[in-house]
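Structure file upload_18.csv (CSV, C-alpha atoms) follows.
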chain,number,residue,atom,x,y,z
N,1,MET,CA,133.9,155.3,74.1
N,2,ARG,CA,134.2,151.9,75.7
N,3,VAL,CA,134.4,148.9,73.4
N,4,ILE,CA,132.6,145.8,74.7
N,5,ARG,CA,134.2,142.5,73.8
N,6,ALA,CA,132.7,139.0,74.3
N,7,PHE,CA,134.0,135.5,73.7
N,8,VAL,CA,131.7,133.4,71.5
N,9,ASP,CA,132.7,129.7,71.0
N,10,ARG,CA,131.4,129.3,67.5
N,11,PRO,CA,132.3,130.3,63.9
N,12,LEU,CA,132.1,134.0,63.1
N,13,VAL,CA,131.8,135.0,59.5
N,14,THR,CA,131.5,138.6,58.2
N,15,GLY,CA,128.1,139.3,56.8
N,16,GLN,CA,126.4,136.4,58.6
N,17,PRO,CA,124.3,136.3,61.8
N,18,VAL,CA,125.3,134.3,64.8
N,19,GLU,CA,123.1,133.3,67.7
N,20,LEU,CA,125.0,134.1,70.9
N,21,PRO,CA,125.5,131.4,73.5
N,22,ASP,CA,124.0,131.7,76.9
N,23,ASP,CA,127.1,133.1,78.7
N,24,ALA,CA,127.5,135.8,76.0
N,25,VAL,CA,123.8,136.7,76.3
N,26,ALA,CA,124.1,137.0,80.1
N,27,HIS,CA,127.2,139.2,79.8
N,28,LEU,CA,126.1,141.5,77.0
N,29,VAL,CA,122.3,141.7,77.5
N,30,ARG,CA,121.6,141.0,81.2
N,31,VAL,CA,124.7,142.6,82.7
N,32,LEU,CA,125.7,145.3,80.3
N,33,ARG,CA,122.2,145.8,79.0
N,34,LEU,CA,123.0,146.1,75.3
N,35,ARG,CA,119.9,146.3,73.1
N,36,GLU,CA,119.2,145.9,69.4
N,37,GLY,CA,121.4,148.1,67.3
N,38,ASP,CA,124.2,148.3,69.8
N,39,ALA,CA,127.7,147.4,68.7
N,40,CYS,CA,130.2,145.0,70.3
N,41,VAL,CA,133.3,143.0,69.4
N,42,LEU,CA,133.2,139.2,69.3
N,43,PHE,CA,136.1,136.8,69.2
N,44,ASN,CA,136.4,133.0,69.3
N,45,GLY,CA,140.0,132.4,70.0
N,46,ASP,CA,141.3,132.3,66.4
N,47,GLY,CA,143.3,135.5,66.7
N,48,VAL,CA,140.7,137.7,65.0
N,49,ASP,CA,138.3,140.3,66.4
N,50,HIS,CA,134.9,140.6,64.7
N,51,ASP,CA,132.9,143.8,64.8
N,52,ALA,CA,129.3,143.0,65.4
N,53,ARG,CA,125.9,144.6,66.0
N,54,LEU,CA,123.0,143.1,67.9
N,55,VAL,CA,120.0,142.6,65.5
N,56,ARG,CA,117.7,140.7,67.8
N,57,VAL,CA,117.5,140.7,71.6
N,58,ASP,CA,115.0,139.2,74.0
N,59,LYS,CA,115.2,138.1,77.6
N,60,ARG,CA,116.8,134.7,76.9
N,61,SER,CA,118.6,135.0,73.5
N,62,ALA,CA,120.3,137.4,71.2
N,63,VAL,CA,121.5,137.4,67.6
N,64,ALA,CA,124.4,139.5,66.3
N,65,GLU,CA,125.4,140.3,62.7
N,66,ILE,CA,129.2,140.2,62.0
N,67,THR,CA,130.0,143.5,60.2
N,68,GLY,CA,133.8,143.2,59.8
N,69,SER,CA,136.9,141.5,61.1
N,70,ARG,CA,140.6,142.2,61.7
N,71,ALA,CA,143.5,140.2,62.8
N,72,ILE,CA,144.8,141.1,66.3
N,73,HIS,CA,148.6,140.8,66.9
N,74,LEU,CA,148.9,141.0,70.7
N,75,GLU,CA,150.6,137.6,71.4
N,76,SER,CA,154.0,137.8,72.9
N,77,PRO,CA,157.0,136.6,70.9
N,78,LEU,CA,157.9,134.6,74.1
N,79,SER,CA,155.8,131.5,74.5
N,80,ILE,CA,155.5,130.7,78.2
N,81,THR,CA,154.0,127.5,79.5
N,82,LEU,CA,153.2,127.8,83.2
N,83,VAL,CA,153.3,124.5,85.2
N,84,GLN,CA,151.4,125.6,88.3
N,85,GLY,CA,150.9,123.7,91.5
N,86,ILE,CA,147.2,123.9,92.1
N,87,ALA,CA,146.4,126.6,94.6
N,88,ARG,CA,143.3,127.1,96.7
N,89,GLY,CA,140.2,128.8,95.4
N,90,GLU,CA,140.6,132.4,94.5
N,91,LYS,CA,144.4,132.2,94.5
N,92,MET,CA,144.3,129.9,91.5
N,93,ASP,CA,141.8,132.1,89.8
N,94,TRP,CA,144.1,135.1,90.4
N,95,ILE,CA,147.1,133.3,89.0
N,96,LEU,CA,145.2,132.3,85.8
N,97,GLN,CA,143.8,135.8,85.3
N,98,LYS,CA,147.0,137.7,85.8
N,99,ALA,CA,149.2,135.3,83.9
N,100,SER,CA,146.7,135.5,81.0
N,101,GLU,CA,147.0,139.3,81.1
N,102,LEU,CA,150.8,139.0,81.1
N,103,GLY,CA,150.7,136.8,77.9
N,104,VAL,CA,151.2,133.2,79.1
N,105,ALA,CA,150.5,130.8,76.2
N,106,ALA,CA,149.4,127.7,78.2
N,107,PHE,CA,148.7,126.5,81.7
N,108,VAL,CA,149.4,123.1,83.1
N,109,PRO,CA,147.8,122.7,86.6
N,110,VAL,CA,149.4,120.0,88.6
N,111,SER,CA,149.0,118.2,92.0
N,112,SER,CA,152.2,117.4,93.9
N,113,ASP,CA,153.4,116.1,97.2
N,114,ARG,CA,152.5,119.2,99.1
N,115,SER,CA,149.3,120.2,97.3
N,116,GLU,CA,146.6,121.4,99.6
N,117,VAL,CA,143.9,120.9,97.0
N,118,LYS,CA,142.8,117.3,96.1
N,119,LEU,CA,140.5,116.8,93.2
N,120,ASP,CA,138.5,113.7,92.3
N,121,ALA,CA,137.3,113.3,88.7
N,122,GLU,CA,134.1,115.2,89.1
N,123,ARG,CA,135.6,118.1,90.9
N,124,ALA,CA,138.5,118.2,88.5
N,125,ALA,CA,136.1,118.5,85.5
N,126,LYS,CA,134.2,121.3,87.2
N,127,ARG,CA,137.4,123.1,88.2
N,128,LEU,CA,138.8,122.9,84.7
N,129,ALA,CA,135.6,124.4,83.2
N,130,HIS,CA,135.8,127.2,85.7
N,131,TRP,CA,139.5,127.9,85.1
N,132,ARG,CA,138.9,128.1,81.4
N,133,SER,CA,136.2,130.6,82.0
N,134,VAL,CA,138.6,132.7,84.1
N,135,VAL,CA,141.1,132.7,81.3
N,136,VAL,CA,138.5,133.7,78.7
N,137,SER,CA,137.3,136.6,80.9
N,138,ALA,CA,140.9,137.8,81.2
N,139,CYS,CA,141.3,137.7,77.4
N,140,GLU,CA,138.1,139.7,77.0
N,141,GLN,CA,139.5,142.4,79.3
N,142,SER,CA,143.1,142.4,78.0
N,143,TRP,CA,142.1,142.3,74.3
N,144,ARG,CA,143.8,139.0,73.6
N,145,SER,CA,142.1,137.2,70.7
N,146,THR,CA,144.0,133.9,71.2
N,147,ILE,CA,142.9,131.9,74.3
N,148,PRO,CA,145.7,130.3,76.3
N,149,ARG,CA,145.3,126.5,76.6
N,150,VAL,CA,144.5,125.1,80.0
N,151,THR,CA,145.2,121.4,80.4
N,152,PRO,CA,143.2,119.1,82.7
N,153,PRO,CA,144.6,119.0,86.2
N,154,ARG,CA,146.8,115.9,86.8
N,155,SER,CA,149.8,114.7,88.8
N,156,LEU,CA,153.2,116.4,88.4
N,157,ALA,CA,154.6,113.1,87.1
N,158,ALA,CA,152.0,112.8,84.4
N,159,ALA,CA,152.4,116.4,83.3
N,160,LEU,CA,156.2,116.2,83.0
N,161,ALA,CA,155.8,113.4,80.5
N,162,ASP,CA,153.7,115.7,78.2
N,163,LEU,CA,155.4,119.1,78.2
N,164,PRO,CA,156.5,121.0,75.0
N,165,THR,CA,159.7,119.8,73.6
N,166,GLY,CA,162.5,122.2,72.7
N,167,ALA,CA,161.5,124.9,75.3
N,168,SER,CA,163.9,125.7,78.1
N,169,ARG,CA,162.7,124.5,81.5
N,170,TRP,CA,163.0,126.4,84.7
N,171,LEU,CA,161.9,126.3,88.4
N,172,LEU,CA,162.4,129.1,90.8
N,173,ASP,CA,165.3,128.5,93.3
N,174,PRO,CA,166.7,131.4,95.5
N,175,ASP,CA,170.0,129.5,95.7
N,176,ALA,CA,170.4,128.9,91.9
N,177,ASP,CA,173.3,130.4,90.0
N,178,ALA,CA,171.2,131.5,86.9
N,179,GLY,CA,169.2,134.7,87.1
N,180,ILE,CA,166.8,136.2,84.5
N,181,ALA,CA,169.4,138.9,83.7
N,182,THR,CA,172.0,136.3,82.7
N,183,MET,CA,170.0,133.3,81.5
N,184,PRO,CA,170.4,132.4,77.8
N,185,SER,CA,167.8,133.6,75.3
N,186,PRO,CA,165.2,130.9,74.8
N,187,SER,CA,165.0,129.7,71.2
N,188,ALA,CA,161.7,127.8,71.5
N,189,GLY,CA,159.9,129.3,74.5
N,190,ILE,CA,160.0,128.7,78.2
N,191,VAL,CA,158.3,126.2,80.6
N,192,LEU,CA,158.2,127.7,84.1
N,193,ALA,CA,157.3,125.5,87.1
N,194,ILE,CA,155.8,127.1,90.2
N,195,GLY,CA,155.0,125.0,93.3
N,196,PRO,CA,151.8,125.1,95.3
N,197,GLU,CA,151.4,126.9,98.7
N,198,GLY,CA,153.6,124.3,100.4
N,199,GLY,CA,156.3,124.5,97.7
N,200,TRP,CA,157.9,121.6,95.8
N,201,SER,CA,158.9,118.6,97.9
N,202,ALA,CA,162.4,117.1,97.6
N,203,ASN,CA,160.8,114.3,95.5
N,204,ASP,CA,159.0,116.9,93.3
N,205,ARG,CA,162.3,118.8,92.7
N,206,ALA,CA,164.1,115.6,91.8
N,207,ALA,CA,161.4,114.8,89.3
N,208,LEU,CA,161.6,118.3,87.8
N,209,ILE,CA,165.4,118.2,87.5
N,210,ALA,CA,165.2,114.7,85.9
N,211,ALA,CA,162.8,116.2,83.4
N,212,GLY,CA,165.3,118.9,82.4
N,213,PHE,CA,164.4,121.8,84.7
N,214,SER,CA,167.1,124.1,85.9
N,215,GLY,CA,167.0,126.4,88.9
N,216,LEU,CA,166.3,130.1,88.3
N,217,ARG,CA,167.0,132.8,90.9
N,218,LEU,CA,164.4,135.5,91.0
N,219,GLY,CA,165.6,137.2,94.2
N,220,PRO,CA,166.6,136.5,97.8
N,221,ARG,CA,163.1,136.4,99.2
N,222,ILE,CA,160.7,133.5,99.3
N,223,LEU,CA,157.5,134.5,97.4
N,224,ARG,CA,154.0,133.0,97.7
N,225,THR,CA,152.8,130.8,94.9
N,226,GLU,CA,150.5,133.5,93.6
N,227,THR,CA,153.3,136.1,93.6
N,228,ALA,CA,156.2,134.1,92.4
N,229,GLY,CA,154.8,133.2,89.0
N,230,MET,CA,153.6,136.7,88.2
N,231,ALA,CA,157.0,138.2,89.2
N,232,ALA,CA,158.9,135.7,87.1
N,233,ILE,CA,156.6,136.0,84.1
N,234,ALA,CA,156.7,139.8,84.1
N,235,ALA,CA,160.5,139.7,84.3
N,236,LEU,CA,160.8,137.2,81.5
N,237,GLN,CA,158.4,139.1,79.3
N,238,ALA,CA,160.4,142.3,80.0
N,239,ARG,CA,163.6,140.7,78.9
N,240,PHE,CA,162.6,138.4,76.1
N,241,GLY,CA,158.9,139.2,75.3
N,242,ASP,CA,156.9,142.4,74.8
N,243,LEU,CA,156.6,144.2,78.1
N,244,ALA,CA,159.7,146.3,77.5
N,245,GLY,CA,157.8,148.5,75.0

Before anything else, please render the file you have as structure tokens.
Amino acid sequence: MRVIRAFVDRPLVTGQPVELPDDAVAHLVRVLRLREGDACVLFNGDGVDHDARLVRVDKRSAVAEITGSRAIHLESPLSITLVQGIARGEKMDWILQKASELGVAAFVPVSSDRSEVKLDAERAAKRLAHWRSVVVSACEQSWRSTIPRVTPPRSLAAALADLPTGASRWLLDPDADAGIATMPSPSAGIVLAIGPEGGWSANDRAALIAAGFSGLRLGPRILRTETAGMAAIAALQARFGDLAG
């Protein structure tokens, strides 16, 4: 029997009712057509799944009662932060969705010299809200109960000044000496930088190297931005994370 999960951005306490937000009502009631008495699983990003049952449903609102909770341990032991050159439209959505399914811990969308997407403040705010909703939906599907962080889009230079300290830093380079099979085991996670459709410019690469990034060889072929990150993440998770079984 299929278990239906939904993200609810509010406190969830066993034995207490919770009024569902509009997006959860739309998903559970108007799309999936759940009714009073139906069961579902709610989560709010705190690493816990909460069993729930709908106790009141109408056209515009719904209330669920939390009947139990359990910690979910699906996060990879390898923390990956993906610095992603902003891609166009559905490509960026695909990157966020699949990387979330593969266990990425955080996303840092950046604009760079060859970015084809230019965002003013208003568009950036709207795009960030949309990207976060894509990540939440991927977590609903993949049973992750911890939501990866998505930072506001900004320039590569601004992002480089605010990256996790201690993590090893890598950018893909088909001419690099280091490969995933031979790279040292990361002690404090990995920051992986993937360029936009046009790739990193010489200035971008110089800034990345100055910020401590090293070249990482994935293979002899040049991959598209939406392919490169997923291939690298899957290979890194297989060697250092939890995809090896």

Practice prompt. Please provide as a list in words all residues within 6 Å of range 4-20 of chain N, with the sequence filter that same-chain residues fewer than 3 positions apart are discarded (counting only C-alpha atoms).
Written response: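 Contacts, in chain order: Ala24, Cys40, Val41, Leu42, Phe43, Asn44, Ala62, Val63, Ala64, Glu65, Ile66, Thr67, Gly68 and Glu140 of chain N.
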
Would you mind exporting C-alpha atoms of the selected residues as a short mmCIF file (atom, residue, chain, number, x, y, z; two decimals), in the frame of the given file?
data_model
loop_
_atom_site.label_atom_id
_atom_site.label_comp_id
_atom_site.auth_asym_id
_atom_site.auth_seq_id
_atom_site.Cartn_x
_atom_site.Cartn_y
_atom_site.Cartn_z
CA ALA N 24 127.50 135.80 76.00
CA CYS N 40 130.20 145.00 70.30
CA VAL N 41 133.30 143.00 69.40
CA LEU N 42 133.20 139.20 69.30
CA PHE N 43 136.10 136.80 69.20
CA ASN N 44 136.40 133.00 69.30
CA ALA N 62 120.30 137.40 71.20
CA VAL N 63 121.50 137.40 67.60
CA ALA N 64 124.40 139.50 66.30
CA GLU N 65 125.40 140.30 62.70
CA ILE N 66 129.20 140.20 62.00
CA THR N 67 130.00 143.50 60.20
CA GLY N 68 133.80 143.20 59.80
CA GLU N 140 138.10 139.70 77.00
#

Worksheet item: Do you have the CA of Glu90 in chain N-CA of Glu226 in chain N distance handy?
Response: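 Computing it gives 10.0 Å between the two atoms.
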
Discussion item. Set the distance at 8 Å and use only C-alpha atoms: which residues neighbour Gln97 in chain N once local chain neighbours fewer than 5 positions away are removed? I'd like the list as a list in words.
Written reply: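 After dropping sequence-adjacent residues, the list is Val134, Val135, Ser137 and Ala138 of chain N.
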
Output of the above residues as a compact mmCIF listing (two decimals), keeping the file's coordinate frame, restricted to C-alpha atoms:
# COMPACT_ATOMS: atom_id res chain seq x y z
CA VAL N 134 138.60 132.70 84.10
CA VAL N 135 141.10 132.70 81.30
CA SER N 137 137.30 136.60 80.90
CA ALA N 138 140.90 137.80 81.20

Item to complete: Would you work out the distance separating CA of Thr182 in chain N from CA of Ala235 in chain N, expressed in Å to one decimal?
Response: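 Here the two named atoms are 12.1 Å from each other.
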
Discussion item. List as a PyMOL selection string the protein and nucleic acid residues near Glu101 in chain N, meaning an atom at most 9 Å away when all atoms listed in the file are counted, but skip any in the same chain fewer than 5 places from it.
Written reply: chain N and resi 96+135+138-139+141-144

Item to complete: Measuring atom to atom with all atoms listed in the file, identify which of N:Pro186, N:Asp113, N:Thr225, N:Gln237 is nearest to Asn203 in chain N.
Response: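 Answer, going by the shortest atom-to-atom distance: N:Asp113.
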
Fill in: Counting all atoms listed in the file, the option among N:Glu36, N:Arg2, N:Trp94, N:Arg60 closest to Pro21 in chain N
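When distances to Pro21 in chain N are compared using all atoms listed in the file, the smallest one comes from N:Arg60.
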
Item to complete: Give me, please, the distance in Å between CA of Gly198 in chain N and CA of Leu78 in chain N, quoted to one decimal.
Response: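 A separation of 28.6 Å between them.
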
Discussion item. If we count only C-alpha atoms and set the cut-off at 8 Å, which residues sit around Ala193 in chain N, ignoring sequence neighbours fewer than 2 positions away in its own chain? Please answer as a PyMOL selection string.
Written reply: chain N and resi 82-85+169-172+191+195

Discussion item. Quick one: residues within 9 Å of Gly37 in chain N, all atoms listed in the file, excluding same-chain residues fewer than 5 positions away - as number ranges by chain?
Written reply: N: 53-56

Fill in: Residue with smallest distance to Thr227 in chain N - pool N:Leu32, N:Ala210, N:Ile95, N:Leu119, counting all atoms listed in the file
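Among the listed residues, N:Ile95 lies closest to Thr227 in chain N.
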
Mind running range 47-119 of chain N against range 157-162 of chain N at 10 Å and telling me each contacting residue's nearest atom pair with the distance in Å (one decimal), counting only C-alpha atoms, chain and number ascending, as a Markdown table?
| residue | atom | partner | partner_atom | distance |
| --- | --- | --- | --- | --- |
| N:Val83 | CA | N:Ala159 | CA | 8.4 |
| N:Val108 | CA | N:Ala159 | CA | 7.3 |
| N:Pro109 | CA | N:Ala159 | CA | 8.5 |
| N:Val110 | CA | N:Ala159 | CA | 7.1 |
| N:Ser111 | CA | N:Ala157 | CA | 9.0 |
| N:Ser112 | CA | N:Ala157 | CA | 8.4 |

Worksheet entry | From N:Ser145, N:Ser115, N:Ser214, N:Ser61, residue lying nearest Asp173 in chain N [only C-alpha atoms] | N:Ser214

Worksheet entry | Pick from N:Arg33, N:Lys98, N:His73, N:His27, whichever lies nearest to Ala234 in chain N using all atoms listed in the file |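 Comparing N:Arg33, N:Lys98, N:His73, N:His27 against Ala234 in chain N, the winner is N:Lys98.
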
Worksheet entry | Counting only C-alpha atoms, the residue of N:Ile190, N:Leu216, N:Ala231, N:Ile147 that sits nearest Ala178 in chain N |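 Checking each candidate against Ala178 in chain N, we get N:Leu216 as the closest.
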